[in-house]
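Participant: Take this structure first; my questions come after.
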Amino acid sequence: NDSTREHLDIGSRVDGFISSILVFCKVTLIDIRPLDIKIEGLSYINADIQSGLPAHASAFDSVSSLHCIEHFGLGRYNDPLSLNGHEIGLLNISKLVSNSGNLYVSFPIGEEVIEFNSQRIIDPLWPEKVLKDFKLEEFVLIPWKGAPKFGLKPKDVDKKVWGQAGLYKFRR
């Protein structure tokens with residue numbers, strides 16, 4: 001959204017995605033890991049998104065969680081173990097998006113599985129089932145090798161292919 005003045009991100013690296021978007025807008029970062037540096041334009045909230053953040057409900061027009069959801073509930077970052085951690089996390093993230101706001105999420109997709117001490121592979125249709133008050137506006141298939149594939153729908157994904165991610169843009 002060209003008019004975004006502040007963006008909320010959950011768990012992205014400061015030296016990657018966050019530093020890139022700080023050029024365009026202010027950023028609030030939520031992360032379970034402590035952050036001990038000060039950067040102009042960056043606000044930080046140390047929190048576990050699985051616990052929710054009701055004080056920030058509907059507060060952001062632009063929200064992202066890029067490759068974090070697959071880790072929620074697996075204890076990798078000292079978060080509590082939860083078989084449904086990814087769903088709890090996604091629902092709590094969605095509560096932070098304003099009316100008409102955008103939500104960007106990405107995670108590994110394919111046949112559902114939990115890879116020990118690593119991540120989940122999530123069914124590509126899953127987020128549309130969870131985010132009932134959002135509309136999917138765009139989907140990009142990102143193979144771990146090769147170029148992104150535009151113009152697909154999550155239902156078109158071959159779930160048997162290993163090594164791919166989905167990038168979803170939803171609007172509330």
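Simple scheme: letters A, B, ... for chains in structure tokens order, numbers from 1 for residues in each chain, numbers from 1 for ligands in the order shown.
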Per residue of region 5-112 of chain A within 8 Å of region 143-160 of chain A, note the shortest atom pair and the distance in Å to one decimal, counting only C-alpha atoms, and order the rows by chain and increasing residue number, as CSV.

Facilitator:
```
residue,atom,partner,partner_atom,distance
A:Ile109,CA,A:Lys159,CA,7.2
A:Gly110,CA,A:Lys159,CA,4.0
A:Glu111,CA,A:Lys159,CA,5.1
```

Participant: With a distance cut-off of 6 Å and only C-alpha atoms, select the neighbouring residues of Ser62 (chain A), excluding the residue or stretch itself and same-chain residues fewer than 5 positions from it, and output the selection as a list in words.

Facilitator: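 Those residues are His7, Gly101 and Asn102 of chain A.
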
Participant: Identify, on the basis of only C-alpha atoms, every residue whose closest approach to Ser43 (chain A) does not exceed 12 Å; exclude the query and any residue fewer than 2 positions from it along the same chain; express the result as JSON, numbers by chain.

Facilitator: {"A": [6, 7, 8, 9, 10, 14, 18, 22, 25, 26, 27, 28, 29, 30, 31, 35, 36, 37, 38, 39, 40, 41, 45, 46]}

Participant: Neighbours of Phe170 (chain A) within 10 Å (only C-alpha atoms; same-chain residues fewer than 6 positions away dropped), as a ChimeraX atom specification?

Facilitator: /A:63,94,100-105,127-128,131,133-139

Participant: Enumerate, as a JSON list (two decimals) with all heavy atoms, in the first residue's frame, the complete set of residues in region 20-118 of chain A that a backbone-based DSSP assignment places in strand (DSSP E or B).

Facilitator:
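Final output, selection23.json:
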```json
[["chain", "number", "residue", "atom", "x", "y", "z"],
["A", 26, "LYS", "N", 7.92, 3.80, 8.83],
["A", 26, "LYS", "CA", 8.26, 3.37, 10.18],
["A", 26, "LYS", "C", 7.83, 1.91, 10.34],
["A", 26, "LYS", "O", 6.87, 1.48, 9.71],
["A", 26, "LYS", "CB", 7.55, 4.23, 11.22],
["A", 26, "LYS", "CG", 8.05, 5.65, 11.25],
["A", 26, "LYS", "CD", 7.33, 6.45, 12.30],
["A", 26, "LYS", "CE", 7.87, 7.86, 12.30],
["A", 26, "LYS", "NZ", 7.22, 8.70, 13.30],
["A", 27, "VAL", "N", 8.52, 1.19, 11.19],
["A", 27, "VAL", "CA", 8.24, -0.22, 11.39],
["A", 27, "VAL", "C", 8.14, -0.52, 12.88],
["A", 27, "VAL", "O", 8.96, -0.04, 13.67],
["A", 27, "VAL", "CB", 9.34, -1.12, 10.77],
["A", 27, "VAL", "CG1", 9.07, -2.58, 11.05],
["A", 27, "VAL", "CG2", 9.46, -0.88, 9.27],
["A", 28, "THR", "N", 7.15, -1.29, 13.24],
["A", 28, "THR", "CA", 7.08, -1.89, 14.57],
["A", 28, "THR", "C", 7.35, -3.37, 14.38],
["A", 28, "THR", "O", 6.74, -4.01, 13.54],
["A", 28, "THR", "CB", 5.70, -1.68, 15.22],
["A", 28, "THR", "OG1", 5.46, -0.28, 15.36],
["A", 28, "THR", "CG2", 5.63, -2.35, 16.58],
["A", 29, "LEU", "N", 8.28, -3.89, 15.15],
["A", 29, "LEU", "CA", 8.67, -5.29, 15.07],
["A", 29, "LEU", "C", 8.25, -5.98, 16.35],
["A", 29, "LEU", "O", 8.55, -5.50, 17.45],
["A", 29, "LEU", "CB", 10.19, -5.40, 14.89],
["A", 29, "LEU", "CG", 10.79, -6.80, 14.96],
["A", 29, "LEU", "CD1", 10.26, -7.69, 13.84],
["A", 29, "LEU", "CD2", 12.32, -6.72, 14.92],
["A", 30, "ILE", "N", 7.54, -7.08, 16.21],
["A", 30, "ILE", "CA", 7.21, -7.94, 17.35],
["A", 30, "ILE", "C", 8.05, -9.20, 17.21],
["A", 30, "ILE", "O", 8.06, -9.83, 16.16],
["A", 30, "ILE", "CB", 5.71, -8.32, 17.37],
["A", 30, "ILE", "CG1", 4.85, -7.07, 17.51],
["A", 30, "ILE", "CG2", 5.42, -9.32, 18.48],
["A", 30, "ILE", "CD1", 3.36, -7.34, 17.36],
["A", 31, "ASP", "N", 8.75, -9.54, 18.28],
["A", 31, "ASP", "CA", 9.59, -10.74, 18.24],
["A", 31, "ASP", "C", 9.71, -11.30, 19.64],
["A", 31, "ASP", "O", 9.76, -10.56, 20.62],
["A", 31, "ASP", "CB", 10.98, -10.41, 17.68],
["A", 31, "ASP", "CG", 11.67, -11.62, 17.08],
["A", 31, "ASP", "OD1", 11.71, -12.68, 17.75],
["A", 31, "ASP", "OD2", 12.18, -11.52, 15.95],
["A", 42, "LEU", "N", 12.38, 2.44, 13.97],
["A", 42, "LEU", "CA", 12.00, 1.08, 14.38],
["A", 42, "LEU", "C", 11.55, 1.07, 15.84],
["A", 42, "LEU", "O", 12.29, 1.46, 16.73],
["A", 42, "LEU", "CB", 13.17, 0.11, 14.20],
["A", 42, "LEU", "CG", 12.92, -1.34, 14.63],
["A", 42, "LEU", "CD1", 11.84, -1.99, 13.77],
["A", 42, "LEU", "CD2", 14.22, -2.14, 14.55],
["A", 43, "SER", "N", 10.32, 0.61, 16.06],
["A", 43, "SER", "CA", 9.82, 0.35, 17.41],
["A", 43, "SER", "C", 9.84, -1.15, 17.62],
["A", 43, "SER", "O", 9.67, -1.92, 16.67],
["A", 43, "SER", "CB", 8.38, 0.86, 17.56],
["A", 43, "SER", "OG", 8.31, 2.24, 17.30],
["A", 44, "TYR", "N", 9.99, -1.57, 18.85],
["A", 44, "TYR", "CA", 10.13, -3.00, 19.13],
["A", 44, "TYR", "C", 9.24, -3.41, 20.28],
["A", 44, "TYR", "O", 9.16, -2.72, 21.30],
["A", 44, "TYR", "CB", 11.59, -3.31, 19.46],
["A", 44, "TYR", "CG", 11.81, -4.74, 19.88],
["A", 44, "TYR", "CD1", 11.75, -5.76, 18.95],
["A", 44, "TYR", "CD2", 12.04, -5.06, 21.20],
["A", 44, "TYR", "CE1", 11.92, -7.08, 19.33],
["A", 44, "TYR", "CE2", 12.23, -6.37, 21.60],
["A", 44, "TYR", "CZ", 12.16, -7.37, 20.65],
["A", 44, "TYR", "OH", 12.32, -8.68, 21.04],
["A", 45, "ILE", "N", 8.55, -4.54, 20.10],
["A", 45, "ILE", "CA", 7.74, -5.14, 21.16],
["A", 45, "ILE", "C", 8.24, -6.56, 21.37],
["A", 45, "ILE", "O", 8.18, -7.37, 20.45],
["A", 45, "ILE", "CB", 6.24, -5.16, 20.80],
["A", 45, "ILE", "CG1", 5.71, -3.75, 20.55],
["A", 45, "ILE", "CG2", 5.44, -5.86, 21.89],
["A", 45, "ILE", "CD1", 4.30, -3.71, 19.94],
["A", 46, "ASN", "N", 8.75, -6.83, 22.55],
["A", 46, "ASN", "CA", 9.22, -8.18, 22.89],
["A", 46, "ASN", "C", 8.01, -8.96, 23.41],
["A", 46, "ASN", "O", 7.51, -8.69, 24.49],
["A", 46, "ASN", "CB", 10.32, -8.10, 23.93],
["A", 46, "ASN", "CG", 10.91, -9.45, 24.28],
["A", 46, "ASN", "OD1", 11.17, -9.75, 25.44],
["A", 46, "ASN", "ND2", 11.14, -10.29, 23.30],
["A", 60, "PHE", "N", -2.98, -1.64, 12.80],
["A", 60, "PHE", "CA", -2.03, -1.50, 11.70],
["A", 60, "PHE", "C", -2.69, -1.77, 10.35],
["A", 60, "PHE", "O", -3.39, -2.75, 10.17],
["A", 60, "PHE", "CB", -0.85, -2.45, 11.89],
["A", 60, "PHE", "CG", -0.03, -2.13, 13.12],
["A", 60, "PHE", "CD1", -0.34, -2.72, 14.33],
["A", 60, "PHE", "CD2", 1.03, -1.25, 13.04],
["A", 60, "PHE", "CE1", 0.40, -2.42, 15.46],
["A", 60, "PHE", "CE2", 1.77, -0.94, 14.16],
["A", 60, "PHE", "CZ", 1.47, -1.53, 15.38],
["A", 61, "ASP", "N", -2.40, -0.87, 9.38],
["A", 61, "ASP", "CA", -2.92, -1.03, 8.03],
["A", 61, "ASP", "C", -2.11, -2.03, 7.21],
["A", 61, "ASP", "O", -2.58, -2.51, 6.18],
["A", 61, "ASP", "CB", -2.91, 0.31, 7.29],
["A", 61, "ASP", "CG", -3.89, 1.30, 7.88],
["A", 61, "ASP", "OD1", -4.90, 0.87, 8.48],
["A", 61, "ASP", "OD2", -3.65, 2.51, 7.77],
["A", 62, "SER", "N", -0.89, -2.30, 7.64],
["A", 62, "SER", "CA", -0.01, -3.19, 6.90],
["A", 62, "SER", "C", 0.74, -4.07, 7.90],
["A", 62, "SER", "O", 1.44, -3.57, 8.78],
["A", 62, "SER", "CB", 0.98, -2.36, 6.07],
["A", 62, "SER", "OG", 1.83, -3.19, 5.33],
["A", 63, "VAL", "N", 0.57, -5.40, 7.77],
["A", 63, "VAL", "CA", 1.14, -6.35, 8.72],
["A", 63, "VAL", "C", 1.77, -7.50, 7.93],
["A", 63, "VAL", "O", 1.19, -7.96, 6.95],
["A", 63, "VAL", "CB", 0.06, -6.92, 9.68],
["A", 63, "VAL", "CG1", 0.64, -7.98, 10.60],
["A", 63, "VAL", "CG2", -0.58, -5.80, 10.48],
["A", 64, "SER", "N", 2.96, -7.94, 8.37],
["A", 64, "SER", "CA", 3.58, -9.09, 7.72],
["A", 64, "SER", "C", 4.12, -10.08, 8.74],
["A", 64, "SER", "O", 4.51, -9.71, 9.85],
["A", 64, "SER", "CB", 4.73, -8.64, 6.80],
["A", 64, "SER", "OG", 5.75, -8.00, 7.53],
["A", 65, "SER", "N", 4.13, -11.32, 8.32],
["A", 65, "SER", "CA", 4.81, -12.39, 9.04],
["A", 65, "SER", "C", 5.40, -13.30, 7.97],
["A", 65, "SER", "O", 4.69, -14.08, 7.35],
["A", 65, "SER", "CB", 3.84, -13.15, 9.93],
["A", 65, "SER", "OG", 4.54, -14.20, 10.58],
["A", 66, "LEU", "N", 6.68, -13.12, 7.73],
["A", 66, "LEU", "CA", 7.36, -13.82, 6.65],
["A", 66, "LEU", "C", 8.24, -14.91, 7.24],
["A", 66, "LEU", "O", 9.27, -14.64, 7.86],
["A", 66, "LEU", "CB", 8.18, -12.83, 5.82],
["A", 66, "LEU", "CG", 7.39, -11.62, 5.33],
["A", 66, "LEU", "CD1", 8.31, -10.65, 4.58],
["A", 66, "LEU", "CD2", 6.22, -12.03, 4.46],
["A", 97, "VAL", "N", -4.57, -6.39, 12.30],
["A", 97, "VAL", "CA", -4.80, -5.73, 11.02],
["A", 97, "VAL", "C", -6.07, -4.89, 11.09],
["A", 97, "VAL", "O", -7.12, -5.37, 11.51],
["A", 97, "VAL", "CB", -4.92, -6.78, 9.89],
["A", 97, "VAL", "CG1", -5.16, -6.09, 8.54],
["A", 97, "VAL", "CG2", -3.69, -7.66, 9.83],
["A", 98, "SER", "N", -5.97, -3.63, 10.64],
["A", 98, "SER", "CA", -7.12, -2.73, 10.64],
["A", 98, "SER", "C", -8.15, -3.14, 9.59],
["A", 98, "SER", "O", -7.85, -3.95, 8.70],
["A", 98, "SER", "CB", -6.66, -1.30, 10.35],
["A", 98, "SER", "OG", -6.17, -1.21, 9.02],
["A", 99, "ASN", "N", -9.35, -2.57, 9.66],
["A", 99, "ASN", "CA", -10.34, -2.77, 8.61],
["A", 99, "ASN", "C", -9.75, -2.23, 7.31],
["A", 99, "ASN", "O", -9.17, -1.14, 7.31],
["A", 99, "ASN", "CB", -11.65, -2.05, 8.94],
["A", 99, "ASN", "CG", -12.41, -2.79, 10.02],
["A", 99, "ASN", "OD1", -12.26, -3.99, 10.20],
["A", 99, "ASN", "ND2", -13.23, -2.06, 10.76],
["A", 100, "SER", "N", -9.88, -2.97, 6.24],
["A", 100, "SER", "CA", -9.31, -2.66, 4.93],
["A", 100, "SER", "C", -7.79, -2.73, 4.90],
["A", 100, "SER", "O", -7.17, -2.33, 3.93],
["A", 100, "SER", "CB", -9.76, -1.28, 4.42],
["A", 100, "SER", "OG", -11.16, -1.23, 4.32],
["A", 101, "GLY", "N", -7.18, -3.26, 5.98],
["A", 101, "GLY", "CA", -5.73, -3.39, 6.02],
["A", 101, "GLY", "C", -5.24, -4.62, 5.27],
["A", 101, "GLY", "O", -6.02, -5.52, 4.94],
["A", 102, "ASN", "N", -3.93, -4.65, 5.01],
["A", 102, "ASN", "CA", -3.30, -5.76, 4.30],
["A", 102, "ASN", "C", -2.52, -6.64, 5.27],
["A", 102, "ASN", "O", -1.86, -6.14, 6.19],
["A", 102, "ASN", "CB", -2.34, -5.24, 3.24],
["A", 102, "ASN", "CG", -3.05, -4.57, 2.09],
["A", 102, "ASN", "OD1", -4.06, -5.07, 1.60],
["A", 102, "ASN", "ND2", -2.55, -3.43, 1.67],
["A", 103, "LEU", "N", -2.57, -7.93, 5.00],
["A", 103, "LEU", "CA", -1.80, -8.92, 5.75],
["A", 103, "LEU", "C", -0.99, -9.74, 4.75],
["A", 103, "LEU", "O", -1.55, -10.31, 3.81],
["A", 103, "LEU", "CB", -2.73, -9.84, 6.55],
["A", 103, "LEU", "CG", -2.09, -11.04, 7.24],
["A", 103, "LEU", "CD1", -1.04, -10.60, 8.27],
["A", 103, "LEU", "CD2", -3.16, -11.91, 7.90],
["A", 104, "TYR", "N", 0.33, -9.77, 4.96],
["A", 104, "TYR", "CA", 1.24, -10.52, 4.11],
["A", 104, "TYR", "C", 1.83, -11.66, 4.95],
["A", 104, "TYR", "O", 2.41, -11.40, 6.00],
["A", 104, "TYR", "CB", 2.38, -9.64, 3.61],
["A", 104, "TYR", "CG", 1.91, -8.38, 2.91],
["A", 104, "TYR", "CD1", 1.67, -7.21, 3.62],
["A", 104, "TYR", "CD2", 1.71, -8.38, 1.54],
["A", 104, "TYR", "CE1", 1.24, -6.06, 2.98],
["A", 104, "TYR", "CE2", 1.26, -7.24, 0.89],
["A", 104, "TYR", "CZ", 1.04, -6.08, 1.62],
["A", 104, "TYR", "OH", 0.60, -4.94, 0.99],
["A", 105, "VAL", "N", 1.66, -12.89, 4.48],
["A", 105, "VAL", "CA", 2.23, -14.03, 5.19],
["A", 105, "VAL", "C", 2.92, -14.95, 4.20],
["A", 105, "VAL", "O", 2.50, -15.06, 3.04],
["A", 105, "VAL", "CB", 1.17, -14.83, 6.01],
["A", 105, "VAL", "CG1", 0.62, -14.00, 7.15],
["A", 105, "VAL", "CG2", 0.05, -15.33, 5.13],
["A", 106, "SER", "N", 3.97, -15.58, 4.66],
["A", 106, "SER", "CA", 4.64, -16.59, 3.85],
["A", 106, "SER", "C", 5.15, -17.70, 4.75],
["A", 106, "SER", "O", 5.46, -17.47, 5.93],
["A", 106, "SER", "CB", 5.78, -15.99, 3.03],
["A", 106, "SER", "OG", 6.79, -15.51, 3.88],
["A", 107, "PHE", "N", 5.19, -18.90, 4.19],
["A", 107, "PHE", "CA", 5.65, -20.07, 4.92],
["A", 107, "PHE", "C", 5.84, -21.21, 3.92],
["A", 107, "PHE", "O", 5.33, -21.15, 2.80],
["A", 107, "PHE", "CB", 4.66, -20.47, 6.02],
["A", 107, "PHE", "CG", 3.23, -20.43, 5.59],
["A", 107, "PHE", "CD1", 2.66, -21.47, 4.87],
["A", 107, "PHE", "CD2", 2.44, -19.32, 5.87],
["A", 107, "PHE", "CE1", 1.34, -21.42, 4.46],
["A", 107, "PHE", "CE2", 1.12, -19.26, 5.46],
["A", 107, "PHE", "CZ", 0.57, -20.31, 4.75],
["A", 108, "PRO", "N", 6.59, -22.25, 4.31],
["A", 108, "PRO", "CA", 6.76, -23.41, 3.43],
["A", 108, "PRO", "C", 5.41, -24.11, 3.22],
["A", 108, "PRO", "O", 4.62, -24.25, 4.17],
["A", 108, "PRO", "CB", 7.70, -24.33, 4.20],
["A", 108, "PRO", "CG", 8.32, -23.48, 5.25],
["A", 108, "PRO", "CD", 7.35, -22.39, 5.55],
["A", 109, "ILE", "N", 5.15, -24.52, 1.98],
["A", 109, "ILE", "CA", 3.88, -25.17, 1.68],
["A", 109, "ILE", "C", 4.11, -26.52, 1.00],
["A", 109, "ILE", "O", 5.15, -26.76, 0.38],
["A", 109, "ILE", "CB", 2.97, -24.29, 0.80],
["A", 109, "ILE", "CG1", 3.66, -23.89, -0.51],
["A", 109, "ILE", "CG2", 2.52, -23.06, 1.58],
["A", 109, "ILE", "CD1", 2.76, -23.15, -1.48],
["A", 113, "VAL", "N", 3.38, -31.46, 7.34],
["A", 113, "VAL", "CA", 4.29, -32.26, 8.15],
["A", 113, "VAL", "C", 5.02, -31.33, 9.11],
["A", 113, "VAL", "O", 5.18, -30.14, 8.82],
["A", 113, "VAL", "CB", 5.31, -33.04, 7.25],
["A", 113, "VAL", "CG1", 6.25, -32.10, 6.52],
["A", 113, "VAL", "CG2", 6.08, -34.06, 8.04],
["A", 114, "ILE", "N", 5.40, -31.87, 10.25],
["A", 114, "ILE", "CA", 6.28, -31.13, 11.16],
["A", 114, "ILE", "C", 7.66, -31.75, 11.02],
["A", 114, "ILE", "O", 7.84, -32.94, 11.22],
["A", 114, "ILE", "CB", 5.80, -31.21, 12.62],
["A", 114, "ILE", "CG1", 4.45, -30.52, 12.76],
["A", 114, "ILE", "CG2", 6.84, -30.56, 13.55],
["A", 114, "ILE", "CD1", 3.83, -30.62, 14.15],
["A", 115, "GLU", "N", 8.63, -30.92, 10.64],
["A", 115, "GLU", "CA", 10.01, -31.38, 10.50],
["A", 115, "GLU", "C", 10.70, -31.14, 11.84],
["A", 115, "GLU", "O", 10.85, -29.99, 12.27],
["A", 115, "GLU", "CB", 10.71, -30.63, 9.37],
["A", 115, "GLU", "CG", 10.10, -30.93, 8.02],
["A", 115, "GLU", "CD", 10.72, -30.15, 6.87],
["A", 115, "GLU", "OE1", 11.33, -29.08, 7.12],
["A", 115, "GLU", "OE2", 10.59, -30.61, 5.73]]
```

Participant: Could you pull out the alpha helix (DSSP H) residues of chain A from DSSP and send them as number ranges by chain?

Facilitator: A: 19-21, 85-94, 126-130

Participant: May I ask for the distance between CA of Ile69 (chain A) and CA of Ile88 (chain A), given in Å to one decimal place?

Facilitator: 9.4 Å

Participant: Hey, can you check how far CA of Leu91 (chain A) sits from CA of Val161 (chain A)?

Facilitator: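 Answer for the CA of Leu91 (chain A) to CA of Val161 (chain A) separation: 27.0 Å.
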
Participant: Quick one: distance from CA of Arg171 (chain A) to CA of Trp126 (chain A) in Å, one decimal?

Facilitator: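 Atom-to-atom, CA of Arg171 (chain A) to CA of Trp126 (chain A), that is 16.1 Å.
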
Participant: I want to know what sits within 10 Å of Gln50 (chain A), based on only C-alpha atoms, with residues of the same chain fewer than 4 positions away left out; could you give that as a list in words?

Facilitator: Ile32, Phe72, Gly73, Asp79, Pro80, Ser82, Asn84, Gly85, His86, Glu87, Ile88, Gly89, Leu90, Leu91, Asn92 and Ile93 of chain A

Participant: Those same residues - all heavy atoms - I'd like them written as a tab-separated table (two decimals), in the first residue's frame.

Facilitator:
```tsv
chain	number	residue	atom	x	y	z
A	32	ILE	N	9.78	-12.63	19.72
A	32	ILE	CA	9.96	-13.30	20.99
A	32	ILE	C	11.42	-13.19	21.46
A	32	ILE	O	11.72	-13.29	22.62
A	32	ILE	CB	9.50	-14.77	20.90
A	32	ILE	CG1	9.30	-15.36	22.29
A	32	ILE	CG2	10.44	-15.59	20.04
A	32	ILE	CD1	8.57	-16.69	22.30
A	72	PHE	N	5.99	-21.36	15.01
A	72	PHE	CA	5.19	-21.13	16.22
A	72	PHE	C	4.76	-22.45	16.85
A	72	PHE	O	4.22	-23.32	16.19
A	72	PHE	CB	3.95	-20.30	15.93
A	72	PHE	CG	4.21	-18.89	15.46
A	72	PHE	CD1	3.20	-18.18	14.83
A	72	PHE	CD2	5.43	-18.27	15.64
A	72	PHE	CE1	3.40	-16.89	14.40
A	72	PHE	CE2	5.65	-16.97	15.21
A	72	PHE	CZ	4.62	-16.27	14.59
A	73	GLY	N	4.97	-22.55	18.16
A	73	GLY	CA	4.52	-23.72	18.91
A	73	GLY	C	5.47	-24.89	18.90
A	73	GLY	O	5.18	-25.93	19.48
A	79	ASP	N	9.48	-20.60	22.69
A	79	ASP	CA	8.04	-20.39	22.80
A	79	ASP	C	7.42	-21.68	23.34
A	79	ASP	O	8.02	-22.75	23.25
A	79	ASP	CB	7.43	-20.01	21.45
A	79	ASP	CG	7.76	-21.00	20.33
A	79	ASP	OD1	8.92	-21.46	20.26
A	79	ASP	OD2	6.87	-21.32	19.53
A	80	PRO	N	6.23	-21.60	23.93
A	80	PRO	CA	5.61	-22.80	24.48
A	80	PRO	C	5.23	-23.78	23.38
A	80	PRO	O	4.83	-23.38	22.28
A	80	PRO	CB	4.37	-22.27	25.20
A	80	PRO	CG	4.13	-20.91	24.69
A	80	PRO	CD	5.44	-20.40	24.15
A	82	SER	N	3.02	-26.15	21.30
A	82	SER	CA	1.59	-26.16	21.00
A	82	SER	C	1.40	-26.76	19.62
A	82	SER	O	1.93	-26.24	18.63
A	82	SER	CB	1.02	-24.74	21.02
A	82	SER	OG	-0.31	-24.74	20.53
A	84	ASN	N	-1.10	-26.55	17.83
A	84	ASN	CA	-1.81	-25.56	17.02
A	84	ASN	C	-1.17	-24.18	17.09
A	84	ASN	O	-1.83	-23.18	16.82
A	84	ASN	CB	-3.28	-25.47	17.46
A	84	ASN	CG	-4.00	-26.77	17.27
A	84	ASN	OD1	-3.80	-27.46	16.27
A	84	ASN	ND2	-4.82	-27.15	18.23
A	85	GLY	N	0.10	-24.11	17.42
A	85	GLY	CA	0.78	-22.82	17.57
A	85	GLY	C	0.72	-21.97	16.32
A	85	GLY	O	0.55	-20.74	16.40
A	86	HIS	N	0.83	-22.59	15.16
A	86	HIS	CA	0.77	-21.82	13.92
A	86	HIS	C	-0.60	-21.19	13.70
A	86	HIS	O	-0.70	-20.04	13.28
A	86	HIS	CB	1.19	-22.70	12.73
A	86	HIS	CG	0.32	-23.88	12.48
A	86	HIS	ND1	-0.01	-24.82	13.44
A	86	HIS	CD2	-0.31	-24.28	11.35
A	86	HIS	CE1	-0.79	-25.74	12.92
A	86	HIS	NE2	-0.99	-25.45	11.65
A	87	GLU	N	-1.65	-21.93	14.03
A	87	GLU	CA	-3.00	-21.38	13.87
A	87	GLU	C	-3.28	-20.28	14.89
A	87	GLU	O	-3.82	-19.23	14.57
A	87	GLU	CB	-4.05	-22.48	13.97
A	87	GLU	CG	-5.44	-21.97	13.66
A	87	GLU	CD	-6.41	-23.10	13.37
A	87	GLU	OE1	-6.00	-24.21	13.00
A	87	GLU	OE2	-7.62	-22.83	13.52
A	88	ILE	N	-2.90	-20.52	16.14
A	88	ILE	CA	-3.07	-19.50	17.19
A	88	ILE	C	-2.31	-18.24	16.80
A	88	ILE	O	-2.82	-17.13	16.89
A	88	ILE	CB	-2.58	-20.05	18.55
A	88	ILE	CG1	-3.49	-21.19	19.01
A	88	ILE	CG2	-2.52	-18.93	19.60
A	88	ILE	CD1	-2.90	-22.02	20.15
A	89	GLY	N	-1.07	-18.42	16.34
A	89	GLY	CA	-0.25	-17.28	15.93
A	89	GLY	C	-0.87	-16.51	14.78
A	89	GLY	O	-0.94	-15.28	14.81
A	90	LEU	N	-1.32	-17.21	13.72
A	90	LEU	CA	-1.91	-16.53	12.58
A	90	LEU	C	-3.18	-15.77	12.98
A	90	LEU	O	-3.38	-14.63	12.56
A	90	LEU	CB	-2.21	-17.52	11.45
A	90	LEU	CG	-2.81	-16.90	10.18
A	90	LEU	CD1	-1.91	-15.82	9.60
A	90	LEU	CD2	-3.10	-17.98	9.16
A	91	LEU	N	-4.01	-16.38	13.80
A	91	LEU	CA	-5.23	-15.69	14.24
A	91	LEU	C	-4.89	-14.45	15.07
A	91	LEU	O	-5.51	-13.39	14.90
A	91	LEU	CB	-6.13	-16.63	15.04
A	91	LEU	CG	-6.86	-17.68	14.20
A	91	LEU	CD1	-7.51	-18.73	15.08
A	91	LEU	CD2	-7.88	-17.02	13.28
A	92	ASN	N	-3.89	-14.55	15.95
A	92	ASN	CA	-3.49	-13.39	16.74
A	92	ASN	C	-2.88	-12.30	15.87
A	92	ASN	O	-3.11	-11.11	16.11
A	92	ASN	CB	-2.53	-13.81	17.86
A	92	ASN	CG	-3.25	-14.51	18.98
A	92	ASN	OD1	-4.47	-14.38	19.15
A	92	ASN	ND2	-2.52	-15.28	19.76
A	93	ILE	N	-2.12	-12.68	14.87
A	93	ILE	CA	-1.56	-11.69	13.94
A	93	ILE	C	-2.69	-11.00	13.19
A	93	ILE	O	-2.70	-9.78	13.03
A	93	ILE	CB	-0.58	-12.37	12.95
A	93	ILE	CG1	0.67	-12.84	13.67
A	93	ILE	CG2	-0.23	-11.42	11.80
A	93	ILE	CD1	1.54	-13.79	12.87
```
